[in-house]
$ cat start.cif   # mmCIF, C-alpha atoms
data_final
#
loop_
_atom_site.label_atom_id
_atom_site.label_comp_id
_atom_site.auth_asym_id
_atom_site.auth_seq_id
_atom_site.Cartn_x
_atom_site.Cartn_y
_atom_site.Cartn_z
CA PRO A 1 65.37 104.93 76.75
CA ALA A 2 67.95 102.23 77.38
CA CYS A 3 68.13 100.07 80.48
CA ARG A 4 70.84 100.79 83.09
CA PRO A 5 73.34 98.15 84.32
CA LEU A 6 73.32 97.31 88.03
CA ARG A 7 76.21 96.15 90.22
CA ASP A 8 74.84 92.62 90.47
CA ASP A 9 75.26 92.13 86.69
CA LYS A 10 71.54 92.64 86.15
CA THR A 11 69.88 95.60 84.44
CA LEU A 12 67.07 97.96 85.41
CA GLU A 13 64.45 98.30 82.70
CA PRO A 14 62.60 101.57 82.05
CA SER A 15 59.34 99.65 82.42
CA HIS A 16 60.09 98.88 86.09
CA SER A 17 57.27 100.38 88.15
CA GLU A 18 59.35 101.87 90.96
CA PHE A 19 61.18 105.16 90.50
CA ALA A 20 64.96 105.05 90.10
CA GLY A 21 67.30 107.85 89.07
CA PHE A 22 71.05 108.02 88.40
CA VAL A 23 73.25 111.01 89.34
CA PHE A 24 75.59 111.42 86.36
CA LYS A 25 76.85 115.00 86.68
CA MET A 26 77.37 117.77 89.22
CA GLN A 27 77.48 121.45 88.27
CA ALA A 28 78.52 124.19 90.69
CA ASN A 29 77.58 127.85 90.60
CA LEU A 30 74.82 127.73 88.00
CA ASP A 31 73.38 130.78 89.72
CA PRO A 32 76.28 132.96 91.00
CA LYS A 33 73.87 134.90 93.21
CA HIS A 34 73.07 131.80 95.24
CA ARG A 35 76.28 129.73 94.87
CA ASP A 36 74.16 126.63 94.28
CA CYS A 37 75.27 123.17 93.27
CA MET A 38 73.08 121.12 90.97
CA ALA A 39 72.94 117.34 90.64
CA TYR A 40 71.84 116.10 87.23
CA VAL A 41 69.70 112.98 87.55
CA ARG A 42 68.56 110.77 84.69
CA VAL A 43 65.26 109.01 85.34
CA VAL A 44 65.91 105.32 84.69
CA SER A 45 62.54 103.81 85.62
CA GLY A 46 59.19 104.70 87.08
CA THR A 47 57.90 108.26 87.41
CA PHE A 48 59.35 111.23 89.26
CA ARG A 49 56.71 113.34 90.99
CA LYS A 50 57.37 116.61 92.78
CA GLY A 51 57.41 116.11 96.56
CA MET A 52 57.96 112.36 96.41
CA LYS A 53 60.05 110.57 99.03
CA VAL A 54 63.02 108.55 97.82
CA ILE A 55 65.93 106.63 99.28
CA HIS A 56 69.51 107.76 98.67
CA GLY A 57 70.95 104.38 97.72
CA ARG A 58 74.52 104.84 98.97
CA THR A 59 73.61 105.98 102.48
CA GLY A 60 70.07 104.69 102.95
CA ARG A 61 68.84 108.16 103.89
CA SER A 62 65.24 109.13 103.13
CA LEU A 63 64.86 112.34 101.12
CA THR A 64 61.91 114.45 100.02
CA LEU A 65 62.42 115.80 96.51
CA ALA A 66 60.49 119.01 97.05
CA THR A 67 61.73 120.75 93.91
CA ALA A 68 63.26 119.74 90.61
CA THR A 69 64.09 121.62 87.45
CA MET A 70 64.67 120.99 83.78
CA LEU A 71 67.46 123.08 82.30
CA PHE A 72 67.32 124.67 78.86
CA GLY A 73 70.50 126.69 78.40
CA SER A 74 70.37 129.35 81.12
CA ASP A 75 66.62 128.86 81.69
CA ARG A 76 65.13 126.69 84.40
CA ASP A 77 61.61 125.32 84.49
CA GLY A 78 60.04 123.60 87.46
CA VAL A 79 59.14 119.94 87.01
CA GLU A 80 56.01 118.27 88.32
CA GLU A 81 56.62 114.90 86.67
CA ALA A 82 59.44 113.22 84.76
CA PHE A 83 59.70 109.87 83.01
CA PRO A 84 62.41 107.38 81.94
CA GLY A 85 64.99 109.13 79.79
CA ASP A 86 64.27 112.60 81.21
CA VAL A 87 67.01 114.54 83.00
CA ILE A 88 66.10 116.61 86.04
CA GLY A 89 68.18 118.91 88.19
CA LEU A 90 68.16 118.60 91.99
CA ASN A 91 69.85 120.98 94.41
CA ASN A 92 72.61 119.18 96.27
CA PRO A 93 71.66 119.15 99.98
CA ALA A 94 73.83 120.95 102.51
CA GLY A 95 77.05 119.05 103.08
CA GLY A 96 77.18 117.75 99.51
CA LEU A 97 75.20 114.52 99.90
CA PHE A 98 74.98 113.65 96.22
CA GLN A 99 77.94 112.21 94.35
CA ILE A 100 78.35 111.13 90.75
CA GLY A 101 77.13 107.54 90.43
CA ASP A 102 74.55 107.74 93.24
CA ALA A 103 71.13 106.12 92.93
CA LEU A 104 67.83 107.58 94.11
CA HIS A 105 64.98 105.12 94.30
CA THR A 106 61.70 103.99 95.78
CA GLY A 107 60.98 100.38 96.61
CA SER A 108 63.80 97.85 96.92
CA SER A 109 67.47 98.82 97.02
CA VAL A 110 69.17 99.93 93.78
CA ALA A 111 72.92 100.19 93.11
CA PHE A 112 73.96 101.13 89.60
CA GLU A 113 77.16 99.96 87.97
CA PRO A 114 79.77 102.62 88.78
CA ILE A 115 81.03 105.10 86.23
CA PRO A 116 84.62 104.24 85.23
CA SER A 117 87.23 106.42 86.94
CA PHE A 118 90.86 107.21 86.23
CA SER A 119 93.68 107.25 88.74
CA PRO A 120 95.14 110.74 89.34
CA GLU A 121 98.68 111.41 88.15
CA VAL A 122 99.30 115.07 89.11
CA PHE A 123 99.04 116.56 92.60
CA GLY A 124 99.34 119.98 94.15
CA TYR A 125 98.16 122.29 96.92
CA LEU A 126 95.59 124.91 95.91
CA ARG A 127 96.51 128.17 97.67
CA PRO A 128 95.17 131.75 97.49
CA THR A 129 97.78 134.09 96.04
CA GLU A 130 96.58 137.39 97.48
CA VAL A 131 97.07 138.55 101.06
CA GLY A 132 93.71 138.96 102.76
CA ALA A 133 91.83 136.75 100.30
CA SER A 134 88.41 135.71 101.56
CA ARG A 135 88.77 132.29 103.18
CA LYS A 136 84.99 131.91 103.14
CA SER A 137 84.83 132.39 99.35
CA PHE A 138 87.87 130.15 98.92
CA ALA A 139 86.32 127.33 100.97
CA LYS A 140 82.96 127.66 99.21
CA GLY A 141 84.57 127.56 95.79
CA VAL A 142 86.68 124.54 96.67
CA ASP A 143 83.69 122.64 98.08
CA GLN A 144 81.46 123.28 95.08
CA LEU A 145 83.99 122.88 92.27
CA LEU A 146 85.42 119.68 93.69
CA ALA A 147 81.89 118.27 94.08
CA GLU A 148 81.74 118.19 90.27
CA GLY A 149 84.24 115.32 90.36
CA ALA A 150 86.80 116.47 87.78
CA VAL A 151 89.41 116.98 90.51
CA GLN A 152 89.70 115.08 93.78
CA ARG A 153 90.45 116.57 97.17
CA LEU A 154 93.06 114.92 99.40
CA LYS A 155 94.84 116.10 102.51
CA GLU A 156 98.14 115.15 104.08
CA ARG A 157 97.65 112.84 107.03
CA GLY A 158 97.84 114.85 110.23
CA ASN A 159 97.72 118.19 108.40
CA ASP A 160 94.49 120.08 109.06
CA GLY A 161 95.52 123.21 107.15
CA PRO A 162 92.93 125.02 105.00
CA ASP A 163 94.63 124.47 101.63
CA PRO A 164 93.46 121.26 99.90
CA LEU A 165 95.75 118.85 98.12
CA LEU A 166 94.26 118.40 94.67
CA ALA A 167 94.61 115.23 92.62
CA ALA A 168 93.92 115.20 88.89
CA VAL A 169 94.54 113.17 85.76
CA GLY A 170 96.17 116.08 83.91
CA GLU A 171 97.44 119.63 84.26
CA LEU A 172 94.48 121.10 82.38
CA GLN A 173 92.17 120.22 85.26
CA PHE A 174 94.26 122.36 87.62
CA GLU A 175 94.11 125.26 85.16
CA VAL A 176 90.32 125.02 84.98
CA VAL A 177 89.98 125.07 88.78
CA VAL A 178 92.28 128.12 89.09
CA ASP A 179 90.40 129.96 86.33
CA ARG A 180 86.97 129.25 87.81
CA MET A 181 88.05 130.16 91.34
CA GLN A 182 89.02 133.59 90.01
CA GLY A 183 86.11 134.08 87.62
CA GLU A 184 83.26 132.65 89.72
CA TYR A 185 84.38 133.17 93.32
CA GLY A 186 86.75 136.15 93.02
CA VAL A 187 89.70 134.33 94.58
CA SER A 188 93.09 134.32 92.83
CA CYS A 189 94.79 130.96 93.35
CA ALA A 190 97.75 128.92 92.24
CA VAL A 191 98.57 125.22 92.43
CA GLU A 192 101.82 124.36 94.22
CA ARG A 193 102.84 121.05 92.70
CA VAL A 194 104.19 118.11 94.68
CA SER A 195 106.53 115.62 93.03
CA TYR A 196 104.43 112.45 93.04
CA THR A 197 102.92 110.76 90.00
CA ILE A 198 100.99 107.72 91.26
CA ALA A 199 98.15 107.34 93.78
CA ARG A 200 96.92 104.14 95.38
CA TRP A 201 94.04 103.72 97.81
CA CYS A 202 94.73 101.18 100.55
CA ARG A 203 91.89 98.74 101.30
CA PRO A 204 89.14 101.25 100.37
CA GLU A 205 86.44 98.66 101.06
CA LEU A 206 87.30 98.71 104.79
CA PRO A 207 86.42 101.33 107.41
CA ALA A 208 89.07 104.05 107.38
CA ASP A 209 90.58 103.12 110.76
CA GLU A 210 91.09 99.49 109.70
CA ALA A 211 92.68 100.55 106.41
CA TRP A 212 95.02 102.93 108.25
CA ALA A 213 95.99 100.07 110.59
CA ALA A 214 97.22 98.13 107.53
CA VAL A 215 99.19 101.18 106.36
CA ASP A 216 100.75 101.70 109.80
CA ALA A 217 101.75 98.03 109.98
CA ALA A 218 103.49 98.27 106.60
CA LYS A 219 105.14 101.54 107.62
CA LYS A 220 106.44 99.92 110.82
CA GLU A 221 108.08 97.21 108.72
CA GLY A 222 109.81 99.88 106.61
CA ALA A 223 107.91 98.94 103.45
CA LEU A 224 106.61 102.42 102.64
CA THR A 225 109.81 104.44 102.52
CA GLY A 226 109.34 107.49 100.30
CA ALA A 227 105.56 107.30 100.21
CA PHE A 228 103.39 110.33 100.91
CA TYR A 229 100.55 109.64 103.35
CA ALA A 230 97.31 111.31 102.33
CA GLU A 231 93.64 110.73 103.02
CA ASP A 232 90.62 111.30 100.81
CA MET A 233 87.49 113.22 101.75
CA PHE A 234 86.21 110.14 103.61
CA GLY A 235 89.37 109.76 105.71
CA ARG A 236 90.61 106.69 103.84
CA PRO A 237 94.35 106.22 103.22
CA VAL A 238 95.76 107.25 99.84
CA LEU A 239 99.45 106.62 99.27
CA LEU A 240 101.35 108.74 96.74
CA PHE A 241 104.47 107.41 95.01
CA ARG A 242 107.14 108.79 92.71
CA ASN A 243 107.72 105.67 90.59
CA ALA A 244 105.93 102.55 89.39
CA TYR A 245 108.64 100.23 90.70
CA THR A 246 107.69 100.92 94.32
CA VAL A 247 104.01 100.33 93.57
CA GLU A 248 104.71 97.03 91.81
CA ARG A 249 106.88 95.86 94.70
CA LEU A 250 104.12 96.56 97.21
CA GLU A 251 101.42 95.00 95.05
CA ASN A 252 103.47 91.81 94.71
CA ASP A 253 104.25 91.51 98.42
CA ALA A 254 101.66 89.04 99.71
CA ASP A 255 102.70 89.57 103.34
CA LEU A 256 101.66 93.24 103.42
CA ASP A 257 98.02 92.81 102.33
CA LEU A 258 97.63 96.51 101.46
CA GLY A 259 94.97 95.89 98.80
CA LEU A 260 96.18 98.84 96.72
CA GLN A 261 93.64 100.23 94.25
CA PRO A 262 94.07 103.02 91.66
CA TRP A 263 90.69 104.57 92.56
CA ALA A 264 87.85 104.05 95.01
CA LEU A 265 84.08 104.41 95.14
CA PRO A 266 82.47 106.53 97.89
CA PRO A 267 81.79 104.38 100.97
CA ALA A 268 78.24 103.42 101.80
CA THR A 269 78.54 105.17 105.18
CA ALA A 270 79.55 108.53 103.69
CA PRO A 271 77.57 111.45 105.13
#
$ encode --input "start.cif" --output "structure tokens"
Amino acid sequence: PACRPLRDDKTLEPSHSEFAGFVFKMQANLDPKHRDCMAYVRVVSGTFRKGMKVIHGRTGRSLTLATATMLFGSDRDGVEEAFPGDVIGLNNPAGGLFQIGDALHTGSSVAFEPIPSFSPEVFGYLRPTEVGASRKSFAKGVDQLLAEGAVQRLKERGNDGPDPLLAAVGELQFEVVVDRMQGEYGVSCAVERVSYTIARWCRPELPADEAWAAVDAAKKEGALTGAFYAEDMFGRPVLLFRNAYTVERLENDADLDLGLQPWALPPATAP
């Protein structure tokens, strides 16, 4: 197996003695009876052993990997050991701890080079279309499907309504979510589009309250006219725009210091 690049421009070799694994995919609803969510982890170095304790690199939390599976089509086999190059499946803990790009490791800290991401260009509210639709099934489906990472969940600042604002690269991703919500969770949905085409995260490296302070300062100066104020699942500000001219103007204004970015990694303090 090949080595894996790290964020410090080094690489982690398969021969490294400590265990390290890389979460590269999430898959919801593999077993419709249990509504599970599976994290696919590639073993990069060391040896996985059932029951071992590892560190979740992004949050520093200690985890016990009590069970793991190898998937062969629709069949699952329990895993006692796995080695560099193997792919194992781990159930995502309650609350959706695992995210694509996460590292699991023993020994010293490991942070893998992030997987490239694309900035979303289409946005819309996902809403149930039938009166009396199960809100529990709707919320479960949204949580698990969005954990896969193909579509991002935003919400309008100050709006705590139950319908998420979805952000995607293309229309097809919306169609897939709607189809799977119906087929896997029994909830008919539609996406109500909003007329924005560009998203920019504001100072995503800062704590959310500090980043919002920068947004509020720019808003007070009248620099954000026409922008839509949203926040991502970590509470960080995401500004939506209708045209590239506005974005370029803000990016070139040195006095605002908004630090606009087309995408953002999960923060280290995420739950």
$ residues_around --input "start.cif" --residues "segment 237-253 of chain A" --least-positions-apart "5" --cutoff "6 Å" --atoms "only C-alpha atoms" --output "list in words"
Tyr196, Thr197, Ile198, Ala199, Arg200, Trp201, Cys202, Ala227, Phe228, Tyr229, Ala230 and Glu231 of chain A
$ atom_distance --input "start.cif" --atom1 "atom CA of Arg4 of chain A" --atom2 "atom CA of Arg236 of chain A"
29.3 Å
$ resolve_selection --input "start.cif" --expression "the PyMOL selection byres ((chain A and resi 99-115) around 7)" --output "PDB file with C-alpha atoms, in the frame of the given file"
ATOM      1  CA  PRO A   5      73.340  98.150  84.320  1.00  0.00           C
ATOM      2  CA  LEU A   6      73.320  97.310  88.030  1.00  0.00           C
ATOM      3  CA  ARG A   7      76.210  96.150  90.220  1.00  0.00           C
ATOM      4  CA  GLU A  18      59.350 101.870  90.960  1.00  0.00           C
ATOM      5  CA  PHE A  19      61.180 105.160  90.500  1.00  0.00           C
ATOM      6  CA  ALA A  20      64.960 105.050  90.100  1.00  0.00           C
ATOM      7  CA  GLY A  21      67.300 107.850  89.070  1.00  0.00           C
ATOM      8  CA  PHE A  22      71.050 108.020  88.400  1.00  0.00           C
ATOM      9  CA  VAL A  23      73.250 111.010  89.340  1.00  0.00           C
ATOM     10  CA  PHE A  24      75.590 111.420  86.360  1.00  0.00           C
ATOM     11  CA  LYS A  25      76.850 115.000  86.680  1.00  0.00           C
ATOM     12  CA  MET A  26      77.370 117.770  89.220  1.00  0.00           C
ATOM     13  CA  VAL A  54      63.020 108.550  97.820  1.00  0.00           C
ATOM     14  CA  ILE A  55      65.930 106.630  99.280  1.00  0.00           C
ATOM     15  CA  HIS A  56      69.510 107.760  98.670  1.00  0.00           C
ATOM     16  CA  GLY A  57      70.950 104.380  97.720  1.00  0.00           C
ATOM     17  CA  ARG A  58      74.520 104.840  98.970  1.00  0.00           C
ATOM     18  CA  LEU A  97      75.200 114.520  99.900  1.00  0.00           C
ATOM     19  CA  PHE A  98      74.980 113.650  96.220  1.00  0.00           C
ATOM     20  CA  PRO A 116      84.620 104.240  85.230  1.00  0.00           C
ATOM     21  CA  SER A 117      87.230 106.420  86.940  1.00  0.00           C
TER      22      SER A 117
END
$ resolve_selection --input "start.cif" --expression "the PyMOL selection byres ((chain A and resi 152) around 6)" --output "mmCIF file with C-alpha atoms, keeping the file's coordinate frame"
data_model
loop_
_atom_site.group_PDB
_atom_site.id
_atom_site.type_symbol
_atom_site.label_atom_id
_atom_site.label_comp_id
_atom_site.auth_asym_id
_atom_site.auth_seq_id
_atom_site.Cartn_x
_atom_site.Cartn_y
_atom_site.Cartn_z
ATOM 1 C CA VAL A 151 89.410 116.980 90.510
ATOM 2 C CA ARG A 153 90.450 116.570 97.170
ATOM 3 C CA LEU A 166 94.260 118.400 94.670
ATOM 4 C CA ALA A 167 94.610 115.230 92.620
#
$ atom_distance --input "start.cif" --atom1 "atom CA of Leu165 of chain A" --atom2 "atom CA of Ala133 of chain A"
18.5 Å
$ atom_distance --input "start.cif" --atom1 "atom CA of Gly170 of chain A" --atom2 "atom CA of Gly186 of chain A"
24.0 Å
$ resolve_selection --input "start.cif" --expression "the PyMOL selection byres ((chain A and resi 216) around 12)" --output "ChimeraX atom specification"
/A:157,202,209-215,217-225,229,237,239,256-258
$ residues_around --input "start.cif" --residues "Cys3 of chain A" --least-positions-apart "6" --cutoff "8 Å" --atoms "all atoms listed in the file" --output "PyMOL selection string"
chain A and resi 11-14+44
$ write_last_selection --input "start.cif" --atoms "C-alpha atoms" --output "PDB file, keeping the file's coordinate frame"
ATOM      1  CA  THR A  11      69.880  95.600  84.440  1.00  0.00           C
ATOM      2  CA  LEU A  12      67.070  97.960  85.410  1.00  0.00           C
ATOM      3  CA  GLU A  13      64.450  98.300  82.700  1.00  0.00           C
ATOM      4  CA  PRO A  14      62.600 101.570  82.050  1.00  0.00           C
ATOM      5  CA  VAL A  44      65.910 105.320  84.690  1.00  0.00           C
TER       6      VAL A  44
END
$ closest_residue --input "start.cif" --among "A:Gly158, A:Pro93, A:Pro84, A:Pro204" --to "Pro262 of chain A" --atoms "all atoms listed in the file"
A:Pro204
$ closest_residue --input "start.cif" --among "A:Met233, A:Leu260, A:Leu265, A:Leu146" --to "Gln27 of chain A" --atoms "all atoms listed in the file"
A:Leu146
$ closest_residue --input "start.cif" --among "A:Ala254, A:Leu63, A:Val131, A:Val122" --to "Glu171 of chain A" --atoms "all atoms listed in the file"
A:Val122
$ residues_around --input "start.cif" --residues "Val177 of chain A" --least-positions-apart "3" --cutoff "10 Å" --atoms "only C-alpha atoms" --output "short mmCIF file (atom, residue, chain, number, x, y, z; two decimals) with C-alpha atoms, keeping the file's coordinate frame"
data_model
loop_
_atom_site.label_atom_id
_atom_site.label_comp_id
_atom_site.auth_asym_id
_atom_site.auth_seq_id
_atom_site.Cartn_x
_atom_site.Cartn_y
_atom_site.Cartn_z
CA LEU A 126 95.59 124.91 95.91
CA GLY A 141 84.57 127.56 95.79
CA VAL A 142 86.68 124.54 96.67
CA LEU A 145 83.99 122.88 92.27
CA LEU A 146 85.42 119.68 93.69
CA ALA A 150 86.80 116.47 87.78
CA VAL A 151 89.41 116.98 90.51
CA LEU A 166 94.26 118.40 94.67
CA LEU A 172 94.48 121.10 82.38
CA GLN A 173 92.17 120.22 85.26
CA PHE A 174 94.26 122.36 87.62
CA ARG A 180 86.97 129.25 87.81
CA MET A 181 88.05 130.16 91.34
CA GLN A 182 89.02 133.59 90.01
CA GLY A 183 86.11 134.08 87.62
CA CYS A 189 94.79 130.96 93.35
CA ALA A 190 97.75 128.92 92.24
CA VAL A 191 98.57 125.22 92.43
#
$ residues_around --input "start.cif" --residues "Lys53 of chain A" --least-positions-apart "4" --cutoff "7 Å" --atoms "all atoms listed in the file" --output "count of residues only"
4
